[in-house]
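Visitor: Data: query_0.txt, compact mmCIF, C-alpha atoms.
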```txt
# COMPACT_ATOMS: atom_id res chain seq x y z
CA MET J 119 -58.93 67.49 -115.28
CA ASN J 120 -59.52 70.76 -117.09
CA LYS J 121 -62.74 72.65 -116.61
CA CYS J 122 -64.81 72.72 -119.76
CA ILE J 123 -65.10 76.18 -121.25
CA ASN J 124 -67.97 75.37 -123.57
CA SER J 125 -70.73 77.03 -121.58
CA ASP J 126 -73.36 76.37 -124.26
CA ILE J 127 -72.93 72.64 -123.86
CA GLN J 128 -72.89 72.89 -120.07
CA GLU J 129 -76.18 74.76 -120.14
CA MET J 130 -77.78 71.99 -122.17
CA LEU J 131 -76.77 69.07 -119.95
CA PRO J 132 -79.98 69.08 -117.85
CA ASP J 133 -82.01 69.31 -121.06
CA LEU J 134 -80.12 66.28 -122.38
CA LEU J 135 -81.13 64.37 -119.25
CA HIS J 136 -84.79 65.26 -119.77
CA GLY J 137 -84.75 64.49 -123.46
CA ALA J 138 -85.72 68.06 -124.17
CA LEU J 139 -83.19 68.72 -126.92
CA ALA J 140 -83.87 68.68 -130.63
CA ASP J 141 -82.06 65.98 -132.57
CA ASP J 142 -79.30 68.26 -133.85
CA ALA J 143 -78.58 69.74 -130.45
CA ARG J 144 -78.72 66.34 -128.77
CA LYS J 145 -76.15 64.89 -131.18
CA ARG J 146 -73.89 67.89 -130.72
CA VAL J 147 -74.03 67.64 -126.91
CA GLU J 148 -73.52 63.88 -126.92
CA ALA J 149 -70.51 64.22 -129.22
CA HIS J 150 -69.00 66.83 -126.94
CA VAL J 151 -69.65 64.86 -123.75
CA ALA J 152 -68.00 61.78 -125.28
CA THR J 153 -64.70 63.68 -125.44
CA CYS J 154 -65.01 66.04 -122.47
CA GLU J 155 -64.14 64.65 -119.06
CA SER J 156 -65.47 67.68 -117.20
CA CYS J 157 -68.87 67.48 -118.86
CA GLN J 158 -69.00 63.73 -118.25
CA GLU J 159 -68.48 64.40 -114.57
CA ASP J 160 -71.18 67.09 -114.53
CA LEU J 161 -73.59 64.82 -116.33
CA ASP J 162 -72.95 62.04 -113.82
CA VAL J 163 -73.70 64.39 -110.94
CA LEU J 164 -76.88 65.62 -112.61
CA ARG J 165 -77.97 62.06 -113.33
CA THR J 166 -77.41 61.09 -109.70
CA VAL J 167 -79.43 64.03 -108.42
CA LYS J 168 -82.22 63.48 -110.93
CA SER J 169 -82.53 59.83 -110.08
CA ALA J 170 -82.56 60.46 -106.34
CA VAL J 171 -85.88 59.25 -105.08
CA ILE J 172 -87.50 62.03 -103.19
CA PHE J 173 -90.26 60.74 -101.03
CA ALA J 174 -93.37 62.73 -101.56
CA PRO J 175 -96.79 61.54 -100.49
CA SER J 176 -99.08 60.27 -103.19
CA ILE J 177 -101.84 62.72 -103.89
CA ASP J 178 -105.49 61.72 -103.78
CA VAL J 179 -106.49 63.19 -107.12
CA ASP J 180 -110.22 62.72 -106.63
CA GLY J 181 -110.00 64.28 -103.20
CA VAL J 182 -108.27 67.32 -104.65
CA VAL J 183 -110.81 67.62 -107.47
CA ARG J 184 -113.67 67.49 -104.96
CA GLN J 185 -112.25 70.62 -103.30
CA ILE J 186 -112.17 72.57 -106.54
CA PRO J 187 -115.24 74.77 -106.89
CA PRO J 188 -117.04 74.66 -110.22
CA TYR J 189 -116.06 77.21 -112.79
CA ARG J 190 -118.14 80.33 -112.43
CA THR J 191 -118.94 81.34 -115.94
CA ILE J 192 -120.10 84.81 -116.70
CA LEU J 193 -123.67 84.41 -117.77
CA PRO J 194 -124.43 85.83 -121.22
CA ALA J 195 -126.74 88.82 -121.29
CA ILE J 196 -130.34 87.69 -121.42
CA GLU J 197 -132.08 88.83 -124.58
CA ARG J 198 -134.89 91.11 -123.53
CA PRO J 199 -138.15 91.48 -125.47
CA ALA J 200 -138.37 94.26 -128.04
CA SER J 201 -141.02 96.16 -126.08
CA THR J 202 -138.71 96.42 -123.03
CA ARG J 203 -135.93 97.75 -125.23
CA VAL J 204 -138.28 100.45 -126.67
CA VAL J 205 -139.27 101.54 -123.17
CA SER J 206 -135.61 101.72 -122.16
CA TRP J 207 -134.82 103.93 -125.14
CA LEU J 208 -137.77 106.20 -124.35
CA VAL J 209 -136.66 106.60 -120.74
CA ALA J 210 -133.12 107.40 -121.85
CA ALA J 211 -134.34 109.94 -124.41
CA SER J 212 -136.55 111.58 -121.79
CA LEU J 213 -133.63 111.92 -119.41
CA VAL J 214 -131.53 113.54 -122.14
CA LEU J 215 -134.33 115.99 -122.92
CA VAL J 216 -134.72 116.92 -119.25
CA VAL J 217 -131.00 117.56 -118.88
CA LEU J 218 -130.78 119.62 -122.06
CA GLY J 219 -133.94 121.58 -121.20
CA GLY J 220 -132.72 122.36 -117.72
CA GLY J 221 -129.39 123.52 -119.05
CA SER J 222 -131.09 125.80 -121.58
CA VAL J 223 -133.30 127.39 -118.91
CA LEU J 224 -130.27 128.07 -116.73
CA MET J 225 -128.41 129.67 -119.66
CA ILE J 226 -131.40 131.90 -120.46
CA GLN J 227 -131.66 132.99 -116.85
CA SER J 228 -127.98 133.74 -116.75
CA LYS J 229 -128.20 135.89 -119.89
CA GLY J 230 -131.19 137.73 -118.41
CA SER J 231 -129.27 138.69 -115.27
CA ARG J 232 -126.35 139.92 -117.40
CA ALA J 233 -128.70 142.06 -119.44
CA ALA J 234 -129.83 143.77 -116.21
CA ASN J 235 -126.19 144.44 -115.31
CA PRO J 236 -124.34 144.65 -118.63
CA ALA J 237 -120.93 145.21 -117.09
CA GLY J 238 -121.39 142.28 -114.82
CA TYR J 239 -119.62 144.04 -112.00
CA THR J 240 -120.90 144.09 -108.46
CA ARG J 241 -121.30 147.47 -107.04
CA VAL J 242 -119.01 148.11 -104.17
CA PRO J 243 -119.30 151.30 -102.11
CA ASN J 244 -116.47 153.57 -103.04
CA THR J 245 -115.19 154.01 -99.54
CA ILE J 246 -111.86 155.26 -100.77
CA ALA J 247 -113.37 158.13 -102.67
CA LYS J 248 -115.63 159.08 -99.78
CA ASN J 249 -113.03 158.68 -97.11
CA PRO J 250 -109.36 159.10 -98.00
CA ASP J 251 -108.37 157.34 -94.77
CA ALA J 252 -110.05 154.27 -96.10
CA THR J 253 -106.91 153.48 -98.08
CA LYS J 254 -105.82 151.93 -94.81
CA LEU J 255 -108.00 148.95 -94.45
CA SER J 256 -109.25 147.84 -91.11
CA PRO J 257 -108.57 144.19 -90.36
CA SER J 258 -112.16 143.15 -90.94
CA GLU J 259 -112.42 144.78 -94.34
CA SER J 260 -111.85 143.12 -97.66
CA ILE J 261 -111.52 144.34 -101.19
CA VAL J 262 -114.17 142.80 -103.37
CA VAL J 263 -113.44 142.67 -107.06
CA SER J 264 -116.21 141.09 -109.01
CA GLY J 265 -115.79 140.50 -112.71
CA PRO J 266 -118.15 139.13 -115.26
CA ASP J 267 -117.02 135.57 -114.64
CA ALA J 268 -116.18 135.14 -110.99
CA PRO J 269 -116.01 137.43 -108.04
CA VAL J 270 -112.65 137.64 -106.38
CA VAL J 271 -112.35 138.44 -102.71
CA LEU J 272 -109.03 139.75 -101.55
CA PRO J 273 -109.00 139.54 -97.78
CA HIS J 274 -106.91 141.85 -95.75
CA PRO J 275 -103.65 140.06 -94.91
CA HIS J 276 -104.46 140.13 -91.21
CA ALA J 277 -108.18 139.94 -91.53
CA LEU J 278 -108.44 136.41 -90.27
CA ALA J 279 -106.06 136.72 -87.41
CA LEU J 280 -107.30 140.05 -86.12
CA ALA J 281 -110.99 139.70 -86.75
CA ALA J 282 -112.63 140.96 -83.60
CA ASP J 283 -115.97 139.53 -84.42
CA ALA J 284 -116.10 135.88 -85.45
CA ASP J 285 -119.62 136.34 -86.75
CA GLY J 286 -118.19 138.08 -89.77
CA LEU J 287 -116.22 135.02 -90.80
CA SER J 288 -117.48 132.45 -93.22
CA ASP J 289 -117.56 128.77 -92.34
CA GLY J 290 -114.42 128.12 -94.35
CA SER J 291 -112.57 130.91 -92.60
CA LEU J 292 -113.67 129.61 -89.23
CA VAL J 293 -112.38 126.14 -90.04
CA GLN J 294 -109.10 127.60 -91.19
CA LEU J 295 -108.90 129.69 -88.02
CA MET J 296 -109.47 126.61 -85.87
CA ASN J 297 -106.83 124.71 -87.81
CA ASP J 298 -104.36 127.56 -87.39
CA MET J 299 -105.06 127.65 -83.67
CA ASP J 300 -104.26 123.96 -83.44
CA GLY J 301 -100.90 124.64 -84.97
CA PHE J 302 -99.86 127.51 -82.71
CA ASP J 303 -96.52 126.88 -81.11
CA ALA J 304 -97.62 128.37 -77.86
CA LEU J 305 -100.20 125.67 -77.33
CA PRO J 306 -99.12 122.31 -75.88
CA GLY J 307 -99.34 119.57 -78.49
CA SER J 308 -100.08 116.88 -75.94
CA GLU J 309 -100.35 116.22 -72.26
CA PRO J 310 -97.66 117.95 -70.22
CA ASP J 311 -94.64 115.87 -69.37
CA PRO J 312 -94.77 114.30 -65.92
CA VAL J 313 -92.79 116.11 -63.31
CA ILE J 314 -89.83 114.07 -62.20
CA SER J 315 -89.24 114.50 -58.55
CA VAL J 316 -85.66 114.80 -57.52
CA ASP J 317 -84.84 112.90 -54.43
CA SER J 318 -82.76 115.15 -52.29
CA GLY J 319 -82.13 112.44 -49.79
CA ASP J 320 -83.90 114.35 -47.04
CA SER J 321 -86.81 111.97 -46.88
CA LEU J 322 -84.76 109.22 -45.34
CA MET H 236 -115.24 59.90 -134.90
CA ILE H 237 -116.81 60.53 -131.51
CA PRO H 238 -114.22 61.66 -128.97
CA SER H 239 -113.95 59.51 -125.86
CA PRO H 240 -115.43 61.05 -122.73
CA GLU H 241 -112.00 60.92 -121.10
CA GLY H 242 -110.56 62.92 -123.95
CA ARG H 243 -107.42 62.25 -125.94
CA PRO H 244 -104.38 61.19 -123.92
CA ASP H 245 -102.30 63.85 -125.63
CA GLU H 246 -104.81 66.58 -124.91
CA THR H 247 -102.99 69.78 -124.01
CA ASP H 248 -103.42 71.55 -120.71
CA MET H 249 -105.14 74.41 -122.47
CA GLU H 250 -107.65 72.05 -124.06
CA LEU H 251 -108.36 70.46 -120.70
CA ILE H 252 -108.80 73.88 -119.11
CA ASN H 253 -111.33 74.83 -121.75
CA ARG H 254 -113.16 71.54 -121.23
CA TRP H 255 -113.29 72.17 -117.50
CA LYS H 256 -114.59 75.67 -118.08
CA ALA H 257 -117.29 74.16 -120.23
CA GLY H 258 -118.39 72.11 -117.24
CA ASP H 259 -116.47 68.85 -117.69
CA SER H 260 -115.14 67.92 -114.26
CA ARG H 261 -113.20 64.98 -115.73
CA ALA H 262 -110.88 67.51 -117.32
CA ALA H 263 -110.01 68.76 -113.83
CA THR H 264 -109.23 65.19 -112.79
CA ARG H 265 -106.91 64.83 -115.76
CA LEU H 266 -105.13 68.09 -114.98
CA VAL H 267 -104.69 67.29 -111.29
CA GLY H 268 -103.47 63.79 -112.11
CA ARG H 269 -101.03 65.18 -114.62
CA HIS H 270 -99.35 67.70 -112.35
CA SER H 271 -99.93 66.63 -108.73
CA GLU H 272 -96.89 64.37 -108.50
CA ALA H 273 -94.52 67.03 -109.79
CA LEU H 274 -95.96 69.53 -107.32
CA ALA H 275 -95.54 67.09 -104.45
CA ARG H 276 -91.95 66.37 -105.47
CA PHE H 277 -91.14 70.05 -105.78
CA ALA H 278 -92.57 70.73 -102.33
CA ALA H 279 -90.59 67.82 -100.88
CA SER H 280 -87.34 68.85 -102.53
CA ALA H 281 -87.88 72.41 -101.36
CA GLY H 282 -87.87 71.16 -97.79
CA GLU H 283 -91.57 70.79 -96.98
CA ARG H 284 -92.17 67.89 -94.64
CA ASP H 285 -95.67 68.05 -93.33
CA GLY H 286 -98.86 68.72 -95.14
CA ILE H 287 -97.55 68.30 -98.66
CA GLU H 288 -100.85 66.80 -99.76
CA GLU H 289 -102.71 69.75 -98.30
CA LEU H 290 -100.26 72.11 -99.97
CA VAL H 291 -100.81 70.50 -103.35
CA GLN H 292 -104.56 70.63 -102.84
CA ASP H 293 -104.43 74.32 -101.91
CA THR H 294 -102.32 74.97 -104.98
CA PHE H 295 -104.90 73.40 -107.27
CA VAL H 296 -107.83 75.10 -105.56
CA ARG H 297 -106.16 78.48 -105.96
CA ALA H 298 -105.10 77.77 -109.49
CA PHE H 299 -108.54 76.65 -110.63
CA ALA H 300 -110.14 79.63 -108.92
CA SER H 301 -108.00 81.98 -110.99
CA LEU H 302 -107.66 80.06 -114.23
CA ASP H 303 -109.09 83.02 -116.10
CA SER H 304 -105.86 84.86 -115.38
CA PHE H 305 -103.78 82.05 -116.89
CA ARG H 306 -103.15 83.06 -120.49
CA GLY H 307 -100.80 80.29 -121.42
CA ALA H 308 -97.74 82.53 -121.65
CA SER H 309 -95.93 79.93 -119.56
CA THR H 310 -96.73 76.27 -119.15
CA LEU H 311 -99.44 75.34 -116.69
CA ARG H 312 -96.91 73.42 -114.61
CA THR H 313 -94.66 76.47 -114.26
CA TRP H 314 -97.66 78.50 -113.22
CA LEU H 315 -98.63 75.86 -110.67
CA PHE H 316 -95.07 75.80 -109.28
CA THR H 317 -95.27 79.57 -108.88
CA ILE H 318 -98.50 79.32 -106.91
CA GLU H 319 -97.19 76.46 -104.80
CA ARG H 320 -93.98 78.31 -104.01
CA ARG H 321 -95.94 81.34 -102.82
CA LEU H 322 -98.02 79.10 -100.59
CA MET H 323 -94.86 77.54 -99.18
CA LEU H 324 -93.43 80.98 -98.43
CA ASP H 325 -96.68 81.99 -96.74
CA ARG H 326 -96.55 78.85 -94.64
CA ARG H 327 -92.97 79.46 -93.60
CA ARG H 328 -93.72 83.05 -92.67
CA ALA H 329 -96.67 81.90 -90.59
CA GLU H 330 -94.54 79.25 -88.90
CA ARG H 331 -91.84 81.79 -88.18
CA ARG H 332 -94.39 84.14 -86.64
CA SER H 333 -95.84 81.38 -84.48
CA ARG H 334 -92.31 80.43 -83.36
CA GLU H 335 -91.73 84.03 -82.35
CA THR H 336 -94.85 84.12 -80.23
CA VAL H 337 -94.86 80.57 -78.87
CA PRO H 338 -91.94 79.55 -76.66
CA VAL H 339 -89.68 77.15 -78.49
CA GLU H 340 -89.54 73.71 -76.93
CA GLU H 341 -86.77 71.16 -77.08
CA SER H 342 -88.65 69.03 -79.58
CA ASP H 343 -89.00 71.95 -81.96
CA HIS H 344 -85.30 72.25 -82.58
CA VAL H 345 -84.35 71.15 -86.04
CA SER H 346 -81.15 71.74 -87.86
CA GLU H 347 -81.16 74.31 -90.64
CA TYR H 348 -81.41 71.66 -93.29
CA GLY H 349 -83.23 69.09 -91.22
CA ALA H 350 -86.40 69.69 -93.19
CA LEU H 351 -85.27 67.23 -95.81
CA ASP H 352 -84.89 64.40 -93.30
CA GLY H 353 -86.52 61.22 -94.43
CA LEU H 354 -87.40 62.48 -97.84
CA ILE H 355 -84.82 60.62 -99.82
CA ALA H 356 -84.83 56.86 -99.67
CA GLU H 357 -81.98 54.42 -99.53
CA GLU H 358 -78.68 54.83 -97.83
CA ALA H 359 -76.79 55.41 -101.06
CA GLN H 360 -78.88 58.46 -101.81
CA GLU H 361 -78.15 59.99 -98.47
CA ARG H 362 -75.22 61.74 -100.11
CA VAL H 363 -77.49 63.47 -102.54
CA ARG H 364 -79.75 64.59 -99.74
CA LYS H 365 -76.80 66.03 -97.82
CA SER H 366 -75.44 67.76 -100.89
CA LEU H 367 -78.81 69.42 -101.48
CA GLU H 368 -78.94 70.43 -97.85
CA ALA H 369 -75.62 72.22 -98.33
CA LEU H 370 -77.30 74.60 -100.77
CA SER H 371 -79.03 77.84 -99.93
CA PRO H 372 -82.85 77.66 -100.19
CA THR H 373 -82.84 79.57 -103.48
CA GLN H 374 -80.01 77.47 -104.92
CA ARG H 375 -81.88 74.33 -103.93
CA GLU H 376 -85.08 75.52 -105.56
CA VAL H 377 -83.33 76.52 -108.76
CA PHE H 378 -81.22 73.38 -108.90
CA THR H 379 -84.09 70.94 -108.31
CA LEU H 380 -86.34 72.78 -110.76
CA ARG H 381 -83.62 72.59 -113.39
CA VAL H 382 -82.34 69.06 -112.76
CA GLN H 383 -85.33 67.18 -111.40
CA GLN H 384 -88.16 69.02 -113.11
CA GLY H 385 -86.32 70.01 -116.28
CA LEU H 386 -87.52 73.59 -116.32
CA SER H 387 -85.76 76.19 -118.44
CA TYR H 388 -84.05 79.18 -116.84
CA LYS H 389 -86.87 81.38 -118.05
CA GLU H 390 -89.45 79.19 -116.34
CA ILE H 391 -87.36 78.96 -113.18
CA ALA H 392 -87.01 82.72 -113.08
CA GLU H 393 -90.78 82.97 -113.28
CA VAL H 394 -91.29 80.48 -110.45
CA VAL H 395 -88.78 81.98 -108.04
CA GLY H 396 -89.49 85.57 -109.03
CA SER H 397 -86.01 86.27 -110.33
CA THR H 398 -84.22 86.78 -113.63
CA GLU H 399 -82.89 84.21 -116.04
CA GLY H 400 -79.35 85.40 -115.38
CA ALA H 401 -79.75 85.06 -111.63
CA ALA H 402 -81.27 81.60 -112.04
CA ARG H 403 -78.33 80.56 -114.21
CA VAL H 404 -75.83 81.78 -111.60
CA HIS H 405 -77.70 79.96 -108.81
CA TYR H 406 -77.72 76.77 -110.87
CA HIS H 407 -73.98 76.83 -111.60
CA ASN H 408 -73.09 77.64 -107.99
CA ALA H 409 -75.36 74.85 -106.83
CA LEU H 410 -73.85 72.37 -109.28
CA LYS H 411 -70.36 73.30 -108.12
CA THR H 412 -71.32 72.80 -104.46
CA VAL H 413 -73.09 69.50 -105.08
CA LYS H 414 -70.22 68.21 -107.21
CA GLU H 415 -67.63 69.06 -104.57
CA PHE H 416 -69.79 67.57 -101.85
CA LEU H 417 -70.28 64.30 -103.70
CA LYS H 418 -66.58 64.14 -104.55
CA ASP H 419 -65.55 64.63 -100.92
CA GLU H 420 -67.96 62.04 -99.51
```
Can you give me the file's structure in the form of structure tokens?
Guide:
Amino acid sequence: MNKCINSDIQEMLPDLLHGALADDARKRVEAHVATCESCQEDLDVLRTVKSAVIFAPSIDVDGVVRQIPPYRTILPAIERPASTRVVSWLVAASLVLVVLGGGSVLMIQSKGSRAANPAGYTRVPNTIAKNPDATKLSPSESIVVSGPDAPVVLPHPHALALAADADGLSDGSLVQLMNDMDGFDALPGSEPDPVISVDSGDSL
Amino acid sequence: MIPSPEGRPDETDMELINRWKAGDSRAATRLVGRHSEALARFAASAGERDGIEELVQDTFVRAFASLDSFRGASTLRTWLFTIERRLMLDRRRAERRSRETVPVEESDHVSEYGALDGLIAEEAQERVRKSLEALSPTQREVFTLRVQQGLSYKEIAEVVGSTEGAARVHYHNALKTVKEFLKDE
């Protein structure tokens, strides 16, 4: 018996069994099966499997339904009285006014401080001009460049590592220093390995 | 015309779901009655032996608890099969874990396909049972969903978490195996 090469028909055989084909398709498949031995055999196998009685317990429908919790609907928003809505709007408007007012005061204060220092630069003692040797920075010194927008602190490359006095370090620098110390290779990462004694055989 | 309290017999799943959401518990009864047998049969054909009723109940409880996420893109039955299959996999994983921790006793030994024992009635149908046992778990799932439940490849792919193409391949391999098995017997 030759294997059927009409894959379209083969695909539709289970649908034929379940009556799930449209009239046209059903007639086409039935006409093909009537002349195709291979498809007849496949259909017989499928029919046998489909009709096999698989024992499954009967389900107590009411028992199942009793276990189903009731549907939790999302409650619609409760319509509040008009007076409550007016109060809510007033509170919201007041909050907006407070925020805007506070922001304005801060801006005015900021402009005032700029007027006192038009350049906006922080004065830094000109140590280089006074002392030519100051071009060589000591480890604890930093160059402070402060512009109109944000001050920039350029620490000496070795300032953190060589700082003799920890009091001069900020909290952030101290944390970084502690973190760096944790990562030093020279420090043991964990408990030392147990010493394995070598039995020389003398003890016996 | 006043609709009957039980609803129309041809009421769709979606209509019943909406009725249940509106507080009509009889709609839940209709839905459970409509799909419980298919779920029990699917569980049995997938190799579940014990606790099928509990499994079906858990499937419905989970499904009803998350009905808001069911948009009707697939049929309700396909969606229920998907939930049930996940529960079956969870059960099997839990059983496997307990087997790993609890010493296995003589009575626990079952053959690889022994889970289908006693599920199929009549001596003549024993052949079918054996032929299904010869399939891999995925082949068996795909084959029974296609042949016994009449699901499309698209729906099967959704249930087993695969692709239509893979489901089609599993089906044809399964059919070939079953056919050869039945021919040899």
Visitor: If the cut-off is 7 Å, can you tell me the residues of chain H near chain J, counting all atoms listed in the file? I'd like them as a list in words.
Guide: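 Listed by rising number, the hits are Lys256, Ala263, Thr264, Val267, Gly268, Ser271, Glu272, Ala275, Arg276, Ala279, Ser280, Glu288, Gln292, Val296, Phe299, Leu354, Ile355, Ala356, Gln360, Val363, Arg381, Val382, Gln383, Gly385 and Lys414 of chain H.
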Visitor: Just the number, please: distance in Å from atom CA of Leu410 of chain H to atom CA of Cys122 of chain J, one decimal.
Guide: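 Distance reported for this atom pair: 13.8 Å.
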Visitor: Enumerate, as a PDB file with C-alpha atoms, in the coordinates of the input, the protein, DNA and RNA residues whose atoms approach (-86.6, 71.5, -100.1) to within 9 Å, taking into account all atoms listed in the file and the coordinate frame of the file.
Guide:
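Once written, out_19.pdb looks like this:
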```pdb
ATOM      1  CA  PHE H 277     -91.140  70.050-105.780  1.00  0.00           C
ATOM      2  CA  ALA H 278     -92.570  70.730-102.330  1.00  0.00           C
ATOM      3  CA  ALA H 279     -90.590  67.820-100.880  1.00  0.00           C
ATOM      4  CA  SER H 280     -87.340  68.850-102.530  1.00  0.00           C
ATOM      5  CA  ALA H 281     -87.880  72.410-101.360  1.00  0.00           C
ATOM      6  CA  GLY H 282     -87.870  71.160 -97.790  1.00  0.00           C
ATOM      7  CA  GLU H 283     -91.570  70.790 -96.980  1.00  0.00           C
ATOM      8  CA  ARG H 284     -92.170  67.890 -94.640  1.00  0.00           C
ATOM      9  CA  TYR H 348     -81.410  71.660 -93.290  1.00  0.00           C
ATOM     10  CA  ALA H 350     -86.400  69.690 -93.190  1.00  0.00           C
ATOM     11  CA  LEU H 351     -85.270  67.230 -95.810  1.00  0.00           C
ATOM     12  CA  LEU H 367     -78.810  69.420-101.480  1.00  0.00           C
ATOM     13  CA  GLU H 368     -78.940  70.430 -97.850  1.00  0.00           C
ATOM     14  CA  PRO H 372     -82.850  77.660-100.190  1.00  0.00           C
ATOM     15  CA  ARG H 375     -81.880  74.330-103.930  1.00  0.00           C
ATOM     16  CA  GLU H 376     -85.080  75.520-105.560  1.00  0.00           C
ATOM     17  CA  THR H 379     -84.090  70.940-108.310  1.00  0.00           C
TER      18      THR H 379
END
```
Visitor: Report, in Å with one decimal, the straight-line distance from atom CA of Asp293 of chain H to atom CA of Ile318 of chain H.
Guide: 9.2 Å
Visitor: Which value, in Å to one decimal, gives the distance between atom CA of Ala401 of chain H and atom CA of Phe378 of chain H?
Guide: 12.1 Å
